[in-house]
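Note sheet for the following structure.
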Amino acid sequence: MCETTNDPAGDAVAAPFFPGFSPAGAADALCFPFVGDRLLLTEAAALPSLAALAPLGPSQESLFFGRLDGQPCELHFWPAATPLPAGLQAAHYRQLWGHWREPWLSAASRALQLATWLSHNRFCGVCGSALRTDGQEPARVCPACGFKAYPRVSPVCIGLVRRGDSVLLARSPHFPPGIYSALAGFVEPGESAEACLRREIREEAGIEIANPRWFGSQAWPYPHSLMMGFLADHAAGEPVPQAGEIEDVRWFPLAALPPLPHPSTIAFRMIAALRAGGGG
Ligand SMILES: [Zn+2]
């Protein structure tokens, strides 16, 4: 079993997180424990000690998933219905913001998505047999028919549209009170990223865009998305919120923005880049 000495909130680790995949078993590994798709943490949002995990018994799955500053990282997985040991909380990614820093957040993002994959791929979608985790690649393999279930990554396009010194921001009914963000939506099968961007902004806000340009991307473990960020210019239309999807959408001057998403999000970084004069 692995150790849990770590400092997710500190500056000690300067190297990036390097992903990998193989069976677990390193004596000096960092242990990321999961019950279902939730990461177990202490009340101080730190990885728990091995003693705190002892009441869980042996894990159902143990996987090496990458290295932090050269140290192996291992995911230990218990089924979602497993009772939590006293003093531990079952956290999701958002709860790490403000407590953990990079590259620990990247490690947690990968571990969360792999735990979700283990939780959601227990049986073969073709023949119904129980799946097993492959030892060489991240695949859940069917011993009866050979089907392989890989971790799913779902691309999402997020677009920040500019008109002069204003940007188009919207509120989803799921957002915390007062928060506005850029518009976003899942890429449909058969659709390009650019076509998705144009469609989502047309559907959700009634706005036609021009000159879409790449900004950057962010892994987004809710539960397995990849946010692909674009800046774009306004071409035509006035904001009209899509019924049932968008509570409010409007142009905001860059000098008078509403409350925004957390600074860890690509939406915030896109808005900050435009406010700082970047983005073309
Ligand atoms: Zn099968």
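In the structure tokens, chains take the letters A, B, ... in the order shown, each chain's residues start at 1, and ligands count up from 1 in the order shown.
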Kindly compile the residues surrounding ligand 1 within 7 Å, counting only C-alpha atoms and all ligand atoms, and format them as a list in words.
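Residues satisfying the distance criterion: Cys124, Gly125, Val126, Cys127, Gly128, Ser129, Cys142, Pro143, Ala144, Cys145, Gly146 and Phe147 of chain A.
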Do you know which residues are at most 12 Å from Val187 (chain A) counting only C-alpha atoms, after dropping those on the same chain fewer than 5 positions away, and could you put them as a PDB file with N, CA and C atoms, in the first residue's frame?
```pdb
ATOM      1  N   VAL A 153     -13.910  10.988 -22.765  1.00  0.00           N
ATOM      2  CA  VAL A 153     -13.645  12.423 -22.673  1.00  0.00           C
ATOM      3  C   VAL A 153     -14.663  13.111 -23.580  1.00  0.00           C
ATOM      4  N   SER A 154     -15.449  14.019 -23.018  1.00  0.00           N
ATOM      5  CA  SER A 154     -16.538  14.667 -23.756  1.00  0.00           C
ATOM      6  C   SER A 154     -16.170  16.118 -24.053  1.00  0.00           C
ATOM      7  N   PRO A 155     -15.917  16.462 -25.331  1.00  0.00           N
ATOM      8  CA  PRO A 155     -15.520  17.842 -25.647  1.00  0.00           C
ATOM      9  C   PRO A 155     -16.668  18.838 -25.528  1.00  0.00           C
ATOM     10  N   VAL A 156     -16.335  19.965 -24.928  1.00  0.00           N
ATOM     11  CA  VAL A 156     -17.275  21.076 -24.764  1.00  0.00           C
ATOM     12  C   VAL A 156     -16.624  22.317 -25.359  1.00  0.00           C
ATOM     13  N   CYS A 157     -17.370  23.087 -26.151  1.00  0.00           N
ATOM     14  CA  CYS A 157     -16.865  24.373 -26.638  1.00  0.00           C
ATOM     15  C   CYS A 157     -17.409  25.482 -25.748  1.00  0.00           C
ATOM     16  N   ILE A 158     -16.505  26.375 -25.335  1.00  0.00           N
ATOM     17  CA  ILE A 158     -16.916  27.549 -24.560  1.00  0.00           C
ATOM     18  C   ILE A 158     -16.431  28.775 -25.313  1.00  0.00           C
ATOM     19  N   SER A 192     -17.932  19.645 -35.983  1.00  0.00           N
ATOM     20  CA  SER A 192     -16.619  20.230 -35.693  1.00  0.00           C
ATOM     21  C   SER A 192     -16.737  21.156 -34.485  1.00  0.00           C
ATOM     22  N   ALA A 193     -15.575  21.489 -33.879  1.00  0.00           N
ATOM     23  CA  ALA A 193     -15.592  22.392 -32.735  1.00  0.00           C
ATOM     24  C   ALA A 193     -16.138  23.760 -33.147  1.00  0.00           C
ATOM     25  N   GLU A 194     -15.733  24.247 -34.334  1.00  0.00           N
ATOM     26  CA  GLU A 194     -16.180  25.572 -34.772  1.00  0.00           C
ATOM     27  C   GLU A 194     -17.696  25.597 -35.011  1.00  0.00           C
ATOM     28  N   ALA A 195     -18.223  24.501 -35.597  1.00  0.00           N
ATOM     29  CA  ALA A 195     -19.665  24.433 -35.838  1.00  0.00           C
ATOM     30  C   ALA A 195     -20.423  24.367 -34.522  1.00  0.00           C
ATOM     31  N   CYS A 196     -19.855  23.636 -33.557  1.00  0.00           N
ATOM     32  CA  CYS A 196     -20.478  23.563 -32.224  1.00  0.00           C
ATOM     33  C   CYS A 196     -20.550  24.945 -31.595  1.00  0.00           C
ATOM     34  N   LEU A 197     -19.444  25.680 -31.684  1.00  0.00           N
ATOM     35  CA  LEU A 197     -19.387  27.019 -31.083  1.00  0.00           C
ATOM     36  C   LEU A 197     -20.466  27.927 -31.678  1.00  0.00           C
ATOM     37  N   ARG A 198     -20.555  27.923 -33.010  1.00  0.00           N
ATOM     38  CA  ARG A 198     -21.550  28.772 -33.676  1.00  0.00           C
ATOM     39  C   ARG A 198     -22.973  28.355 -33.277  1.00  0.00           C
ATOM     40  N   ARG A 199     -23.225  27.036 -33.250  1.00  0.00           N
ATOM     41  CA  ARG A 199     -24.573  26.542 -32.929  1.00  0.00           C
ATOM     42  C   ARG A 199     -24.967  26.869 -31.490  1.00  0.00           C
ATOM     43  N   GLU A 200     -24.037  26.616 -30.541  1.00  0.00           N
ATOM     44  CA  GLU A 200     -24.382  26.839 -29.139  1.00  0.00           C
ATOM     45  C   GLU A 200     -24.701  28.312 -28.871  1.00  0.00           C
ATOM     46  N   SER A 225     -15.316  16.043 -18.984  1.00  0.00           N
ATOM     47  CA  SER A 225     -15.324  16.969 -20.121  1.00  0.00           C
ATOM     48  C   SER A 225     -13.927  17.516 -20.411  1.00  0.00           C
ATOM     49  N   LEU A 226     -13.775  18.005 -21.628  1.00  0.00           N
ATOM     50  CA  LEU A 226     -12.618  18.804 -22.018  1.00  0.00           C
ATOM     51  C   LEU A 226     -13.164  20.135 -22.522  1.00  0.00           C
ATOM     52  N   MET A 227     -12.914  21.210 -21.781  1.00  0.00           N
ATOM     53  CA  MET A 227     -13.387  22.529 -22.186  1.00  0.00           C
ATOM     54  C   MET A 227     -12.433  23.106 -23.226  1.00  0.00           C
ATOM     55  N   MET A 228     -12.969  23.462 -24.391  1.00  0.00           N
ATOM     56  CA  MET A 228     -12.149  24.032 -25.473  1.00  0.00           C
ATOM     57  C   MET A 228     -12.586  25.483 -25.661  1.00  0.00           C
TER      58      MET A 228
END
```
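Using only C-alpha atoms, the nearest neighbour of Ser59 (chain A) within the list A:Ala139, A:Ala91, A:Ala80, A:Ala236 is A:Ala80.
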Those of region 43-188 of chain A in DSSP strand (DSSP E or B), formatted as a ChimeraX atom specification:
/A:61-68,71-78,88-91,97,100,123,130,132-133,140-141,148-149,154-163,166-171,181,183-186
Which residues of region 74-123 of chain A sit at most 9 Å from region 23-40 of chain A, using only C-alpha atoms? Give each one's shortest atom pair and distance in Å (one decimal place), in chain and ascending residue order, as a Markdown table.
```
| residue | atom | partner | partner_atom | distance |
| --- | --- | --- | --- | --- |
| A:Glu74 | CA | A:Cys31 | CA | 5.1 |
| A:Leu75 | CA | A:Phe32 | CA | 4.9 |
| A:His76 | CA | A:Pro33 | CA | 4.8 |
| A:Phe77 | CA | A:Phe34 | CA | 4.9 |
| A:Trp78 | CA | A:Val35 | CA | 4.8 |
| A:Pro79 | CA | A:Gly36 | CA | 5.0 |
| A:Ala80 | CA | A:Gly36 | CA | 3.8 |
| A:Ala81 | CA | A:Gly36 | CA | 7.5 |
| A:Thr82 | CA | A:Val35 | CA | 6.6 |
| A:Pro83 | CA | A:Val35 | CA | 8.6 |
| A:Leu84 | CA | A:Val35 | CA | 7.9 |
| A:Leu88 | CA | A:Leu40 | CA | 6.2 |
| A:Gln89 | CA | A:Leu40 | CA | 5.6 |
| A:Ala90 | CA | A:Leu40 | CA | 4.7 |
| A:Ala91 | CA | A:Leu39 | CA | 5.1 |
| A:His92 | CA | A:Arg38 | CA | 5.7 |
| A:Tyr93 | CA | A:Leu39 | CA | 8.2 |
| A:Ala108 | CA | A:Phe32 | CA | 7.9 |
| A:Ala111 | CA | A:Phe32 | CA | 7.4 |
| A:Leu112 | CA | A:Asp37 | CA | 6.2 |
| A:Gln113 | CA | A:Asp37 | CA | 7.8 |
| A:Leu114 | CA | A:Asp37 | CA | 8.4 |
| A:Ala115 | CA | A:Asp37 | CA | 5.1 |
| A:Thr116 | CA | A:Asp37 | CA | 4.8 |
| A:Trp117 | CA | A:Asp37 | CA | 8.4 |
| A:Leu118 | CA | A:Gly36 | CA | 8.0 |
| A:Ser119 | CA | A:Gly36 | CA | 5.8 |
```
Deliver the residues from the most recent selection as a file, using N, CA and C atoms, as a PDB file, in the first residue's frame.
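Contents of the output file again-v1.pdb:
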```pdb
ATOM      1  N   GLU A  74      -1.115   6.770  -6.977  1.00  0.00           N
ATOM      2  CA  GLU A  74      -1.999   5.613  -7.127  1.00  0.00           C
ATOM      3  C   GLU A  74      -3.417   5.953  -6.712  1.00  0.00           C
ATOM      4  N   LEU A  75      -4.349   5.417  -7.474  1.00  0.00           N
ATOM      5  CA  LEU A  75      -5.772   5.567  -7.192  1.00  0.00           C
ATOM      6  C   LEU A  75      -6.232   4.271  -6.529  1.00  0.00           C
ATOM      7  N   HIS A  76      -6.896   4.382  -5.385  1.00  0.00           N
ATOM      8  CA  HIS A  76      -7.474   3.213  -4.722  1.00  0.00           C
ATOM      9  C   HIS A  76      -8.985   3.409  -4.681  1.00  0.00           C
ATOM     10  N   PHE A  77      -9.698   2.428  -5.187  1.00  0.00           N
ATOM     11  CA  PHE A  77     -11.131   2.579  -5.477  1.00  0.00           C
ATOM     12  C   PHE A  77     -11.965   1.592  -4.663  1.00  0.00           C
ATOM     13  N   TRP A  78     -12.980   2.156  -3.986  1.00  0.00           N
ATOM     14  CA  TRP A  78     -13.990   1.341  -3.307  1.00  0.00           C
ATOM     15  C   TRP A  78     -15.349   1.676  -3.941  1.00  0.00           C
ATOM     16  N   PRO A  79     -16.279   0.730  -3.985  1.00  0.00           N
ATOM     17  CA  PRO A  79     -17.588   0.992  -4.613  1.00  0.00           C
ATOM     18  C   PRO A  79     -18.348   2.134  -3.943  1.00  0.00           C
ATOM     19  N   ALA A  80     -19.245   2.744  -4.709  1.00  0.00           N
ATOM     20  CA  ALA A  80     -19.921   3.971  -4.264  1.00  0.00           C
ATOM     21  C   ALA A  80     -20.714   3.779  -2.978  1.00  0.00           C
ATOM     22  N   ALA A  81     -21.216   2.588  -2.721  1.00  0.00           N
ATOM     23  CA  ALA A  81     -22.066   2.376  -1.538  1.00  0.00           C
ATOM     24  C   ALA A  81     -21.256   2.146  -0.264  1.00  0.00           C
ATOM     25  N   THR A  82     -19.930   2.147  -0.351  1.00  0.00           N
ATOM     26  CA  THR A  82     -19.092   1.870   0.815  1.00  0.00           C
ATOM     27  C   THR A  82     -19.262   2.967   1.879  1.00  0.00           C
ATOM     28  N   PRO A  83     -19.548   2.602   3.139  1.00  0.00           N
ATOM     29  CA  PRO A  83     -19.657   3.637   4.195  1.00  0.00           C
ATOM     30  C   PRO A  83     -18.326   4.354   4.407  1.00  0.00           C
ATOM     31  N   LEU A  84     -18.373   5.663   4.642  1.00  0.00           N
ATOM     32  CA  LEU A  84     -17.148   6.454   4.830  1.00  0.00           C
ATOM     33  C   LEU A  84     -16.608   6.286   6.244  1.00  0.00           C
ATOM     34  N   LEU A  88     -13.624  11.546   7.629  1.00  0.00           N
ATOM     35  CA  LEU A  88     -13.307  11.785   6.214  1.00  0.00           C
ATOM     36  C   LEU A  88     -14.538  12.295   5.483  1.00  0.00           C
ATOM     37  N   GLN A  89     -14.297  13.115   4.457  1.00  0.00           N
ATOM     38  CA  GLN A  89     -15.370  13.614   3.605  1.00  0.00           C
ATOM     39  C   GLN A  89     -15.152  13.119   2.187  1.00  0.00           C
ATOM     40  N   ALA A  90     -16.248  12.945   1.456  1.00  0.00           N
ATOM     41  CA  ALA A  90     -16.185  12.529   0.055  1.00  0.00           C
ATOM     42  C   ALA A  90     -16.329  13.793  -0.790  1.00  0.00           C
ATOM     43  N   ALA A  91     -15.228  14.209  -1.438  1.00  0.00           N
ATOM     44  CA  ALA A  91     -15.187  15.521  -2.081  1.00  0.00           C
ATOM     45  C   ALA A  91     -15.239  15.404  -3.598  1.00  0.00           C
ATOM     46  N   HIS A  92     -15.638  16.493  -4.244  1.00  0.00           N
ATOM     47  CA  HIS A  92     -15.495  16.588  -5.689  1.00  0.00           C
ATOM     48  C   HIS A  92     -14.493  17.693  -6.000  1.00  0.00           C
ATOM     49  N   TYR A  93     -14.179  17.805  -7.293  1.00  0.00           N
ATOM     50  CA  TYR A  93     -13.058  18.635  -7.714  1.00  0.00           C
ATOM     51  C   TYR A  93     -13.171  20.077  -7.228  1.00  0.00           C
ATOM     52  N   ALA A 108      -5.328  15.307  -9.410  1.00  0.00           N
ATOM     53  CA  ALA A 108      -6.669  15.010  -8.901  1.00  0.00           C
ATOM     54  C   ALA A 108      -7.685  14.928 -10.028  1.00  0.00           C
ATOM     55  N   ALA A 111      -7.243  11.541 -11.661  1.00  0.00           N
ATOM     56  CA  ALA A 111      -7.715  10.488 -10.760  1.00  0.00           C
ATOM     57  C   ALA A 111      -9.249  10.471 -10.692  1.00  0.00           C
ATOM     58  N   LEU A 112      -9.862  11.659 -10.624  1.00  0.00           N
ATOM     59  CA  LEU A 112     -11.326  11.744 -10.571  1.00  0.00           C
ATOM     60  C   LEU A 112     -11.965  11.144 -11.813  1.00  0.00           C
ATOM     61  N   GLN A 113     -11.385  11.448 -12.970  1.00  0.00           N
ATOM     62  CA  GLN A 113     -11.986  10.946 -14.209  1.00  0.00           C
ATOM     63  C   GLN A 113     -11.785   9.440 -14.342  1.00  0.00           C
ATOM     64  N   LEU A 114     -10.668   8.925 -13.841  1.00  0.00           N
ATOM     65  CA  LEU A 114     -10.476   7.473 -13.873  1.00  0.00           C
ATOM     66  C   LEU A 114     -11.414   6.783 -12.873  1.00  0.00           C
ATOM     67  N   ALA A 115     -11.639   7.393 -11.715  1.00  0.00           N
ATOM     68  CA  ALA A 115     -12.576   6.812 -10.754  1.00  0.00           C
ATOM     69  C   ALA A 115     -14.000   6.803 -11.324  1.00  0.00           C
ATOM     70  N   THR A 116     -14.358   7.877 -12.036  1.00  0.00           N
ATOM     71  CA  THR A 116     -15.672   7.917 -12.691  1.00  0.00           C
ATOM     72  C   THR A 116     -15.782   6.799 -13.725  1.00  0.00           C
ATOM     73  N   TRP A 117     -14.705   6.601 -14.488  1.00  0.00           N
ATOM     74  CA  TRP A 117     -14.678   5.542 -15.504  1.00  0.00           C
ATOM     75  C   TRP A 117     -14.857   4.166 -14.858  1.00  0.00           C
ATOM     76  N   LEU A 118     -14.166   3.907 -13.736  1.00  0.00           N
ATOM     77  CA  LEU A 118     -14.329   2.625 -13.037  1.00  0.00           C
ATOM     78  C   LEU A 118     -15.771   2.463 -12.552  1.00  0.00           C
ATOM     79  N   SER A 119     -16.356   3.558 -12.021  1.00  0.00           N
ATOM     80  CA  SER A 119     -17.727   3.494 -11.492  1.00  0.00           C
ATOM     81  C   SER A 119     -18.758   3.222 -12.574  1.00  0.00           C
TER      82      SER A 119
END
```
Residues at most 9 Å from Val141 (chain A), counting only C-alpha atoms, excluding those fewer than 5 positions away in the same chain, as a VMD selection string?
chain A and resid 124 130 to 134 146 to 150
